[in-house]
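One file, coords32.csv, is given below (CSV, C-alpha atoms).
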chain,number,residue,atom,x,y,z
A,1,MET,CA,82.9,3.2,-10.2
A,2,ASN,CA,85.7,3.2,-7.6
A,3,GLY,CA,85.5,3.4,-3.8
A,4,ALA,CA,88.3,3.2,-1.3
A,5,ASN,CA,88.8,-0.5,-1.9
A,6,ILE,CA,85.9,-1.6,-4.1
A,7,GLN,CA,84.6,-1.0,-7.6
A,8,LEU,CA,81.8,-2.0,-9.9
A,9,ALA,CA,82.6,-3.3,-13.4
A,10,GLY,CA,80.7,-4.3,-16.5
A,11,GLY,CA,77.5,-2.3,-15.6
A,12,ASN,CA,75.6,0.1,-17.8
A,13,HIS,CA,76.1,3.0,-15.4
A,14,SER,CA,78.4,4.0,-12.6
A,15,CYS,CA,76.3,2.5,-9.8
A,16,SER,CA,75.8,-1.0,-11.2
A,17,GLY,CA,78.1,-3.9,-12.1
A,18,ARG,CA,80.2,-6.8,-10.9
A,19,VAL,CA,81.6,-6.2,-7.4
A,20,GLU,CA,85.4,-6.1,-7.3
A,21,VAL,CA,87.6,-5.7,-4.2
A,22,TYR,CA,91.1,-4.4,-4.1
A,23,TYR,CA,93.4,-6.5,-1.8
A,24,ASN,CA,97.1,-7.3,-1.8
A,25,ASN,CA,97.7,-4.9,-4.7
A,26,GLN,CA,95.2,-6.7,-7.0
A,27,TRP,CA,91.6,-6.5,-8.0
A,28,GLY,CA,89.5,-9.6,-7.5
A,29,THR,CA,85.8,-10.6,-7.4
A,30,VAL,CA,83.3,-11.7,-4.8
A,31,CYS,CA,81.5,-15.1,-4.9
A,32,ASP,CA,77.7,-15.0,-4.8
A,33,ASP,CA,77.4,-17.7,-2.1
A,34,SER,CA,75.0,-16.1,0.5
A,35,TRP,CA,75.0,-12.9,-1.5
A,36,ASP,CA,71.8,-10.9,-0.8
A,37,ILE,CA,70.3,-7.4,-0.7
A,38,ASN,CA,72.0,-6.6,2.7
A,39,ASP,CA,75.4,-7.2,1.1
A,40,ALA,CA,74.5,-5.1,-1.9
A,41,GLN,CA,73.3,-2.3,0.4
A,42,VAL,CA,76.7,-2.0,2.0
A,43,VAL,CA,78.4,-1.9,-1.4
A,44,CYS,CA,76.0,0.8,-2.6
A,45,ARG,CA,76.6,2.9,0.5
A,46,GLN,CA,80.3,2.5,0.3
A,47,LEU,CA,80.3,3.8,-3.2
A,48,GLY,CA,77.9,6.7,-2.5
A,49,CYS,CA,75.4,5.1,-4.8
A,50,GLY,CA,72.3,5.3,-2.7
A,51,ASN,CA,70.2,2.3,-1.7
A,52,ALA,CA,70.6,-1.1,-3.2
A,53,VAL,CA,68.0,-2.2,-5.9
A,54,SER,CA,69.2,-5.7,-6.7
A,55,ALA,CA,71.8,-8.2,-5.6
A,56,HIS,CA,72.9,-10.1,-8.7
A,57,GLN,CA,74.3,-13.6,-8.8
A,58,ASN,CA,75.8,-16.0,-11.5
A,59,ALA,CA,78.0,-13.4,-13.1
A,60,HIS,CA,75.1,-11.2,-14.2
A,61,PHE,CA,77.6,-8.5,-15.4
A,62,GLY,CA,80.0,-11.0,-16.9
A,63,GLN,CA,82.8,-13.0,-15.5
A,64,GLY,CA,85.7,-11.3,-13.9
A,65,SER,CA,89.3,-12.4,-13.9
A,66,GLY,CA,92.1,-12.8,-11.3
A,67,PRO,CA,91.5,-13.9,-7.7
A,68,ILE,CA,88.2,-14.4,-6.0
A,69,TRP,CA,88.8,-12.5,-2.8
A,70,LEU,CA,85.6,-13.0,-0.8
A,71,ASP,CA,83.1,-15.8,-0.3
A,72,ASP,CA,80.1,-16.4,1.9
A,73,VAL,CA,79.8,-12.6,2.6
A,74,ARG,CA,77.2,-11.9,5.2
A,75,CYS,CA,76.4,-8.3,6.0
A,76,SER,CA,73.8,-7.0,8.4
A,77,GLY,CA,73.4,-4.0,6.0
A,78,ASN,CA,74.7,-1.4,8.5
A,79,GLU,CA,78.4,-1.9,7.8
A,80,SER,CA,80.4,1.0,6.3
A,81,THR,CA,82.5,-1.3,4.0
A,82,ILE,CA,82.1,-4.7,2.5
A,83,THR,CA,85.2,-6.0,4.2
A,84,GLN,CA,83.6,-5.3,7.6
A,85,CYS,CA,81.0,-8.0,6.9
A,86,THR,CA,81.7,-11.6,7.9
A,87,HIS,CA,83.3,-13.8,5.2
A,88,THR,CA,85.5,-16.8,5.0
A,89,GLY,CA,88.7,-14.8,4.7
A,90,PHE,CA,90.6,-13.1,1.8
A,91,GLY,CA,91.2,-15.7,-1.0
A,92,GLU,CA,89.3,-18.5,0.8
A,93,HIS,CA,86.5,-19.7,-1.5
A,94,ASN,CA,85.1,-22.6,-3.4
A,95,CYS,CA,83.8,-20.6,-6.4
A,96,GLY,CA,84.5,-20.0,-10.1
A,97,HIS,CA,84.0,-16.7,-11.9
A,98,ASN,CA,80.7,-18.0,-13.2
A,99,LYS,CA,79.4,-17.1,-9.7
A,100,ASP,CA,80.7,-13.5,-9.5
A,101,ALA,CA,78.4,-11.3,-7.5
A,102,GLY,CA,77.0,-7.9,-8.7
A,103,VAL,CA,74.8,-5.1,-7.5
A,104,THR,CA,72.5,-2.5,-8.9
A,105,CYS,CA,72.1,0.7,-6.8
A,106,LEU,CA,69.5,3.4,-7.0
A,107,GLY,CA,72.1,6.0,-7.9
A,108,ARG,CA,74.0,8.8,-6.4
A,109,ASN,CA,72.4,11.3,-4.1
A,110,LYS,CA,71.7,14.5,-5.9
A,111,VAL,CA,73.1,17.8,-4.6
A,112,ARG,CA,72.0,21.3,-5.4
A,113,LEU,CA,72.7,24.9,-4.3
A,114,VAL,CA,69.6,27.0,-3.7
A,115,ASN,CA,68.6,30.6,-2.8
A,116,GLY,CA,71.8,32.0,-4.4
A,117,LEU,CA,72.2,34.2,-7.5
A,118,SER,CA,73.1,31.2,-9.6
A,119,ASN,CA,73.1,27.4,-9.5
A,120,CYS,CA,76.8,27.5,-8.4
A,121,CYS,CA,76.2,29.3,-5.1
A,122,GLY,CA,73.7,28.9,-2.3
A,123,ARG,CA,72.5,26.7,0.5
A,124,VAL,CA,73.6,23.1,0.2
A,125,GLU,CA,70.8,20.6,-0.2
A,126,ILE,CA,71.1,16.9,-0.8
A,127,GLU,CA,68.4,14.4,-1.9
A,128,GLN,CA,67.8,11.2,0.0
A,129,ASN,CA,64.8,8.9,-0.4
A,130,GLY,CA,63.1,11.4,-2.7
A,131,ARG,CA,63.3,14.3,-0.2
A,132,TRP,CA,65.6,17.3,-0.3
A,133,GLY,CA,67.2,18.3,3.0
A,134,THR,CA,70.0,20.5,4.3
A,135,VAL,CA,73.5,20.0,5.5
A,136,CYS,CA,74.5,21.2,9.0
A,137,GLY,CA,77.4,23.6,9.3
A,138,HIS,CA,79.2,21.6,12.0
A,139,SER,CA,82.8,21.0,10.7
A,140,TRP,CA,81.9,22.5,7.4
A,141,ASP,CA,84.8,24.0,5.5
A,142,LEU,CA,86.4,24.7,2.1
A,143,LYS,CA,87.3,21.0,1.6
A,144,ASP,CA,83.6,20.1,1.9
A,145,ALA,CA,82.6,23.0,-0.4
A,146,GLU,CA,85.3,21.8,-2.9
A,147,VAL,CA,83.5,18.4,-3.3
A,148,VAL,CA,80.1,20.1,-3.8
A,149,CYS,CA,81.5,22.3,-6.5
A,150,ARG,CA,83.2,19.3,-8.2
A,151,GLN,CA,79.9,17.3,-8.1
A,152,LEU,CA,78.0,20.2,-9.7
A,153,GLY,CA,80.6,21.0,-12.3
A,154,CYS,CA,80.9,24.5,-10.9
A,155,GLY,CA,84.7,24.9,-10.8
A,156,LYS,CA,86.6,25.4,-7.6
A,157,ALA,CA,85.3,26.3,-4.1
A,158,VAL,CA,85.6,30.0,-3.2
A,159,SER,CA,84.0,30.0,0.2
A,160,ALA,CA,82.0,27.8,2.5
A,161,PRO,CA,79.5,30.1,4.3
A,162,LEU,CA,78.0,29.0,7.6
A,163,ASN,CA,75.0,30.1,9.7
A,164,ALA,CA,72.4,30.0,7.0
A,165,ARG,CA,74.1,32.6,4.9
A,166,PHE,CA,71.7,31.7,2.0
A,167,GLY,CA,68.6,31.5,4.3
A,168,GLN,CA,67.2,28.7,6.4
A,169,GLY,CA,66.0,25.5,4.8
A,170,ARG,CA,63.3,23.1,5.8
A,171,GLU,CA,63.3,19.7,7.4
A,172,PRO,CA,65.0,17.4,7.2
A,173,THR,CA,68.7,18.1,7.9
A,174,TRP,CA,70.2,15.1,6.2
A,175,LEU,CA,73.9,15.4,7.0
A,176,ASP,CA,75.9,16.6,10.0
A,177,ASP,CA,79.6,16.7,10.8
A,178,VAL,CA,80.6,16.3,7.2
A,179,GLN,CA,84.4,15.9,6.8
A,180,CYS,CA,85.7,15.6,3.3
A,181,THR,CA,89.3,15.3,2.3
A,182,GLY,CA,88.5,17.5,-0.7
A,183,THR,CA,89.2,14.7,-3.3
A,184,GLU,CA,85.9,12.9,-3.2
A,185,SER,CA,83.7,12.8,-6.3
A,186,VAL,CA,80.4,13.4,-4.5
A,187,LEU,CA,79.4,14.7,-1.1
A,188,ASP,CA,78.0,11.5,0.4
A,189,GLN,CA,81.4,9.8,-0.1
A,190,CYS,CA,82.7,12.1,2.7
A,191,SER,CA,82.7,11.1,6.3
A,192,HIS,CA,79.5,12.0,8.1
A,193,ARG,CA,77.3,10.8,11.0
A,194,GLY,CA,74.8,9.1,8.7
A,195,PHE,CA,71.7,10.3,6.9
A,196,GLY,CA,69.3,12.0,9.3
A,197,VAL,CA,71.6,11.7,12.3
A,198,GLU,CA,72.2,15.3,13.4
A,199,ASN,CA,71.8,17.8,16.3
A,200,CYS,CA,71.4,21.0,14.2
A,201,GLY,CA,68.9,23.8,13.7
A,202,HIS,CA,68.4,25.3,10.3
A,203,HIS,CA,70.1,28.5,11.5
A,204,GLU,CA,73.3,26.4,11.0
A,205,ASP,CA,72.6,25.4,7.4
A,206,SER,CA,75.8,25.3,5.3
A,207,GLY,CA,76.4,27.1,2.0
A,208,VAL,CA,78.8,27.0,-0.9
A,209,VAL,CA,80.2,29.6,-3.4
A,210,CYS,CA,81.9,28.1,-6.4
A,211,SER,CA,84.1,29.9,-8.8
A,212,ASN,CA,82.4,28.8,-12.1
A,213,LEU,CA,84.9,30.9,-14.0
A,214,GLN,CA,83.7,31.7,-17.5
A,215,THR,CA,84.9,34.1,-20.2
A,216,PRO,CA,83.5,37.6,-19.4
A,217,THR,CA,82.2,40.1,-22.0
A,218,LEU,CA,83.7,43.6,-22.5
A,219,THR,CA,81.5,46.2,-24.2
A,220,GLN,CA,81.8,49.9,-24.9
A,221,ILE,CA,78.8,51.7,-23.5
A,222,SER,CA,80.0,55.2,-24.7
A,223,PRO,CA,78.0,56.5,-27.7
A,224,ASN,CA,81.0,56.9,-30.1
A,225,SER,CA,83.0,54.0,-31.6
A,226,VAL,CA,85.8,56.5,-32.4
A,227,ALA,CA,87.0,58.6,-29.5
A,228,SER,CA,88.6,62.0,-29.4
A,229,PRO,CA,91.3,63.2,-27.0
A,230,GLY,CA,89.8,64.3,-23.6
A,231,GLU,CA,86.6,62.2,-24.1
A,232,VAL,CA,85.6,59.9,-21.3
A,233,LEU,CA,85.0,56.3,-22.6
A,234,GLN,CA,83.1,53.7,-20.6
A,235,PHE,CA,83.7,50.0,-20.8
A,236,ARG,CA,81.5,47.4,-19.1
A,237,CYS,CA,83.0,44.0,-18.1
A,238,THR,CA,80.4,41.5,-17.2
A,239,THR,CA,80.5,37.8,-16.2
A,240,PRO,CA,78.1,35.4,-18.0
A,241,SER,CA,76.6,34.3,-14.7
A,242,PRO,CA,76.3,36.0,-11.3
A,243,THR,CA,79.5,35.7,-9.1
A,244,CYS,CA,77.6,35.7,-5.8
A,245,ILE,CA,80.5,37.5,-4.0
A,246,SER,CA,82.8,40.3,-5.0
A,247,VAL,CA,85.5,39.6,-7.6
A,248,ASP,CA,88.5,41.6,-8.9
A,249,PHE,CA,87.9,42.9,-12.4
A,250,SER,CA,90.9,44.1,-14.4
A,251,LEU,CA,91.2,46.1,-17.6
A,252,TYR,CA,94.2,45.8,-19.8
A,253,LYS,CA,95.5,47.7,-22.8
A,254,THR,CA,97.6,45.5,-25.1
A,255,GLY,CA,98.3,43.1,-22.3
A,256,THR,CA,99.2,45.8,-19.7
A,257,LEU,CA,97.1,46.3,-16.6
A,258,ILE,CA,95.6,49.8,-16.4
A,259,LYS,CA,92.7,49.5,-14.0
A,260,ASN,CA,91.4,47.3,-11.2
A,261,GLN,CA,87.9,47.4,-9.7
A,262,THR,CA,86.0,45.2,-7.3
A,263,ALA,CA,82.4,44.4,-7.8
A,264,GLU,CA,79.8,41.6,-8.1
A,265,THR,CA,79.0,40.3,-11.6
A,266,THR,CA,79.6,43.5,-13.6
A,267,THR,CA,81.7,46.7,-13.4
A,268,THR,CA,82.1,49.9,-15.5
A,269,PHE,CA,85.6,51.3,-16.3
A,270,ASN,CA,85.9,55.0,-17.1
A,271,LEU,CA,88.8,56.1,-19.3
A,272,THR,CA,89.8,59.7,-20.3
A,273,VAL,CA,91.2,59.3,-23.8
A,274,ASP,CA,94.5,60.6,-25.0
A,275,ALA,CA,96.8,59.4,-27.9
A,276,SER,CA,98.4,56.7,-25.7
A,277,HIS,CA,95.0,54.9,-25.3
A,278,GLN,CA,94.9,53.6,-28.8
A,279,GLY,CA,95.2,49.8,-28.8
A,280,GLN,CA,93.5,46.5,-27.9
A,281,TYR,CA,91.6,46.3,-24.7
A,282,THR,CA,90.7,43.2,-22.6
A,283,CYS,CA,89.1,42.5,-19.3
A,284,ASP,CA,89.2,39.6,-16.9
A,285,TYR,CA,88.2,38.7,-13.4
A,286,SER,CA,89.4,36.6,-10.5
A,287,TYR,CA,88.1,35.6,-7.1
A,288,ARG,CA,90.0,37.4,-4.3
A,289,LYS,CA,89.4,34.7,-1.7
A,290,VAL,CA,90.5,31.7,-3.7
A,291,PRO,CA,93.6,30.2,-2.1
A,292,GLN,CA,96.7,30.4,-4.2
A,293,HIS,CA,96.9,26.7,-4.8
A,294,HIS,CA,93.5,26.8,-6.5
A,295,PRO,CA,93.8,27.0,-10.3
A,296,GLY,CA,90.3,28.5,-10.3
A,297,ALA,CA,91.9,31.9,-9.6
A,298,THR,CA,93.3,32.1,-13.1
A,299,PRO,CA,91.6,35.0,-14.9
A,300,LEU,CA,89.9,34.4,-18.2
A,301,PRO,CA,90.2,37.2,-20.9
A,302,SER,CA,87.7,38.7,-23.2
A,303,LEU,CA,88.7,41.0,-26.1
A,304,TRP,CA,87.4,44.4,-27.1
A,305,HIS,CA,89.1,46.6,-29.7
A,306,LEU,CA,89.3,50.4,-29.4
A,307,TRP,CA,90.5,52.5,-32.2
A,308,LEU,CA,91.1,56.2,-31.6
A,309,SER,CA,91.0,59.1,-34.0
A,310,THR,CA,94.4,60.4,-35.0
A,311,LEU,CA,95.6,63.3,-32.9
A,312,VAL,CA,97.3,65.9,-35.0
A,313,LEU,CA,99.5,68.5,-33.3
A,314,GLU,CA,99.9,71.8,-35.1
Same coordinates, now as structure tokens:
Amino acid sequence: MNGANIQLAGGNHSCSGRVEVYYNNQWGTVCDDSWDINDAQVVCRQLGCGNAVSAHQNAHFGQGSGPIWLDDVRCSGNESTITQCTHTGFGEHNCGHNKDAGVTCLGRNKVRLVNGLSNCCGRVEIEQNGRWGTVCGHSWDLKDAEVVCRQLGCGKAVSAPLNARFGQGREPTWLDDVQCTGTESVLDQCSHRGFGVENCGHHEDSGVVCSNLQTPTLTQISPNSVASPGEVLQFRCTTPSPTCISVDFSLYKTGTLIKNQTAETTTTFNLTVDASHQGQYTCDYSYRKVPQHHPGATPLPSLWHLWLSTLVLE
């Protein structure tokens, strides 16, 4: 698991392993002299892996290679990064790799979206110390929402609603002044004031709407499978899960756009049939508010075939 200048290697999950530090364009290890739970706590926090469970010594996760960058590390436990802790200096040590330090962390803070129409939109909540809490809307924007959507596997961020758009949560408010670059893997890797440090009311709870683009279904809801000229046919285009906000639905005939409609989750297209309507029909949808640089705006097609009766002119 990688942080800004630190990673864990050799562990059985992303939040445990041998501690390695990146310095002078090279990865190196940390000697276990003076290594304790306070040092491990800083590593776990830096990686967004929750609280430290164990501080391992004697190359518990196997011996590393390359330089040994840090020795005699002494953290108070409150530092933001391992290199802020006192140590003998980069590359200054009296260790072998048989003394490489390691950590086991509790694991990443879980994130969820609640009170929306699906698990990919709603009020943002994060779990800390076994309790779910909210995120204040101060500084909340699309970059922060992007990280939440990535963490949940819900595609791209469409919007970052403020002011308890999805209802007010309950105590505690865990995060305030969250400022993500948009590239982080999980929300608690973003800059914030610290868990539980906030000056918010729940009327300021933040929310997220993710794209979660999936292939829609197109069905004919008219009674006849074969249409006659002048007959009105109805097609329903439906997304597999609720979209939470309005999207643009499009209906195509043999690849040519013939109708656009805006709706949430499902829409019905009405077509008056003539001979020119014979062909292959498809529908797709896209989010109107997705910025152009977001690939999540790419529509996904679904096929439906319509065959018309032959029109004979006398």
Residue list as a PyMOL selection string for point (83.0, -3.8, -0.3), cut-off 6 Å, all atoms listed in the file
chain A and resi 6+43+81-83
Give me, as number ranges by chain, all polymer residues having an atom no more than 8 Å from Ser76 (chain A), counting all atoms listed in the file and skipping those fewer than 6 positions away in the same chain.
A: 38-39, 85
Around the point (71.0, 4.6, -4.4) (coordinates from the file), which residues reach within 8 Å if we count all atoms listed in the file? Answer as a compact mmCIF listing (two decimals) with C-alpha atoms, in the coordinates of the input.
# COMPACT_ATOMS: atom_id res chain seq x y z
CA CYS A 15 76.30 2.50 -9.80
CA CYS A 44 76.00 0.80 -2.60
CA ARG A 45 76.60 2.90 0.50
CA GLY A 48 77.90 6.70 -2.50
CA CYS A 49 75.40 5.10 -4.80
CA GLY A 50 72.30 5.30 -2.70
CA ASN A 51 70.20 2.30 -1.70
CA ALA A 52 70.60 -1.10 -3.20
CA VAL A 53 68.00 -2.20 -5.90
CA CYS A 105 72.10 0.70 -6.80
CA LEU A 106 69.50 3.40 -7.00
CA GLY A 107 72.10 6.00 -7.90
CA ARG A 108 74.00 8.80 -6.40
CA ASN A 109 72.40 11.30 -4.10
For Glu184 (chain A), list every protein, DNA or RNA residue within 12 Å, evaluated using only C-alpha atoms, and leave out those in the same chain fewer than 4 positions away; present the list as a ChimeraX atom specification.
/A:2-4,47-48,143-151,179-180,188-191
What are the closest atom pairs, with distances in Å to one decimal, for all residues of region 87-153 of chain A lying within 9 Å of region 244-263 of chain A? Consider only C-alpha atoms, order rows by chain and residue number, and present the result as a Markdown table.
| residue | atom | partner | partner_atom | distance |
| --- | --- | --- | --- | --- |
| A:Gly116 | CA | A:Cys244 | CA | 7.0 |
| A:Leu117 | CA | A:Cys244 | CA | 5.9 |
| A:Ser118 | CA | A:Cys244 | CA | 7.4 |
| A:Cys120 | CA | A:Cys244 | CA | 8.6 |
| A:Cys121 | CA | A:Cys244 | CA | 6.6 |
| A:Gly122 | CA | A:Cys244 | CA | 8.6 |
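Residue nearest Ser65 (chain A), chosen from A:Gly96, A:Gly182, A:Gly167, A:Pro242 and counting all atoms listed in the file: A:Gly96.
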Let me make sure I understand: among A:Ser206, A:Thr219, A:Gln63, A:Gln234, which one has the smallest atom-to-atom distance to Ser159 (chain A) if we use all atoms listed in the file?
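Nearest candidate to Ser159 (chain A) out of A:Ser206, A:Thr219, A:Gln63, A:Gln234: A:Ser206.
Using only C-alpha atoms, the smallest distance between any of A:Thr268, A:Asn199, A:Gln278, A:Asn5 and His138 (chain A) comes from A:Asn199.
Interatomic distance, CA of Asp176 (chain A) to CA of Val42 (chain A): 20.3 Å.
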When you count only C-alpha atoms, which of these residues is closest to Ile68 (chain A): A:Glu20, A:Ser34, A:Thr134, A:Ala40?
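That would be A:Glu20, the residue with the smallest distance to Ile68 (chain A).
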So the first atom is CA of His13 (chain A) and the second is CA of Leu187 (chain A); what is the distance between them in Å, to one decimal place?
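These atoms are spaced 18.8 Å apart.
Between CA of Thr88 (chain A) and CA of Cys31 (chain A) the interatomic distance comes to 10.8 Å.
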Give me the residues near Trp35 (chain A) as a list in words, where near means some atom within 10 Å (using all atoms listed in the file) and where sequence neighbours in that chain fewer than 3 positions away do not count.
Val30, Cys31, Asp32, Asn38, Asp39, Ala40, Ala55, His56, Gln57, Asp71, Asp72, Val73, Arg74, Cys75, Asp100, Ala101, Gly102 and Val103 of chain A
Which of these, A:Gly66, A:Leu213, A:Gln41, A:Val186, has the shortest distance to Lys110 (chain A) once you count all atoms listed in the file?
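Answer, going by the shortest atom-to-atom distance: A:Val186.
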Counting only C-alpha atoms, the residue among A:Trp69, A:Trp132, A:Phe235, A:Phe90 that lies closest to Leu271 (chain A) is A:Phe235
Centre, edges in Å (one decimal): axis-aligned box, region 228-234 of chain A, 6 Å padding on all six sides, as JSON:
{"center_x": 87.2, "center_y": 59.0, "center_z": -25.0, "size_x": 20.2, "size_y": 22.6, "size_z": 20.8}
Since the input is missing atoms, can you rebuild N, CA, C and O atoms for region 109-121 of chain A and write them as an mmCIF file, in the frame of the given file?
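Output file part_6.cif follows:
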data_model
loop_
_atom_site.group_PDB
_atom_site.id
_atom_site.type_symbol
_atom_site.label_atom_id
_atom_site.label_comp_id
_atom_site.auth_asym_id
_atom_site.auth_seq_id
_atom_site.Cartn_x
_atom_site.Cartn_y
_atom_site.Cartn_z
ATOM 1 N N ASN A 109 73.182 10.234 -4.663
ATOM 2 C CA ASN A 109 72.400 11.300 -4.100
ATOM 3 C C ASN A 109 72.636 12.591 -4.837
ATOM 4 O O ASN A 109 73.781 12.977 -5.057
ATOM 5 N N LYS A 110 71.574 13.246 -5.220
ATOM 6 C CA LYS A 110 71.700 14.500 -5.900
ATOM 7 C C LYS A 110 72.017 15.638 -4.939
ATOM 8 O O LYS A 110 71.572 15.619 -3.794
ATOM 9 N N VAL A 111 72.783 16.616 -5.421
ATOM 10 C CA VAL A 111 73.100 17.800 -4.600
ATOM 11 C C VAL A 111 72.734 19.036 -5.415
ATOM 12 O O VAL A 111 72.829 19.050 -6.649
ATOM 13 N N ARG A 112 72.283 20.067 -4.704
ATOM 14 C CA ARG A 112 72.000 21.300 -5.400
ATOM 15 C C ARG A 112 72.324 22.483 -4.439
ATOM 16 O O ARG A 112 72.471 22.306 -3.215
ATOM 17 N N LEU A 113 72.485 23.664 -5.027
ATOM 18 C CA LEU A 113 72.700 24.900 -4.300
ATOM 19 C C LEU A 113 71.493 25.795 -4.553
ATOM 20 O O LEU A 113 71.163 26.058 -5.719
ATOM 21 N N VAL A 114 70.832 26.250 -3.501
ATOM 22 C CA VAL A 114 69.600 27.000 -3.700
ATOM 23 C C VAL A 114 69.678 28.348 -2.958
ATOM 24 O O VAL A 114 70.493 28.572 -2.068
ATOM 25 N N ASN A 115 68.796 29.243 -3.410
ATOM 26 C CA ASN A 115 68.600 30.600 -2.800
ATOM 27 C C ASN A 115 69.827 31.478 -3.036
ATOM 28 O O ASN A 115 69.979 32.480 -2.348
ATOM 29 N N GLY A 116 70.682 31.138 -4.000
ATOM 30 C CA GLY A 116 71.800 32.000 -4.400
ATOM 31 C C GLY A 116 71.434 32.693 -5.708
ATOM 32 O O GLY A 116 70.347 32.517 -6.263
ATOM 33 N N LEU A 117 72.393 33.444 -6.241
ATOM 34 C CA LEU A 117 72.200 34.200 -7.500
ATOM 35 C C LEU A 117 72.324 33.284 -8.714
ATOM 36 O O LEU A 117 71.929 33.658 -9.818
ATOM 37 N N SER A 118 72.940 32.117 -8.541
ATOM 38 C CA SER A 118 73.100 31.200 -9.600
ATOM 39 C C SER A 118 73.075 29.765 -9.069
ATOM 40 O O SER A 118 73.028 29.579 -7.850
ATOM 41 N N ASN A 119 73.128 28.761 -9.960
ATOM 42 C CA ASN A 119 73.100 27.400 -9.500
ATOM 43 C C ASN A 119 74.477 26.940 -8.961
ATOM 44 O O ASN A 119 74.654 25.781 -8.595
ATOM 45 N N CYS A 120 75.448 27.855 -8.932
ATOM 46 C CA CYS A 120 76.800 27.500 -8.400
ATOM 47 C C CYS A 120 77.084 28.256 -7.108
ATOM 48 O O CYS A 120 78.240 28.367 -6.686
ATOM 49 N N CYS A 121 76.074 28.755 -6.454
ATOM 50 C CA CYS A 121 76.200 29.300 -5.100
ATOM 51 C C CYS A 121 74.886 29.195 -4.394
ATOM 52 O O CYS A 121 73.839 29.294 -5.024
#
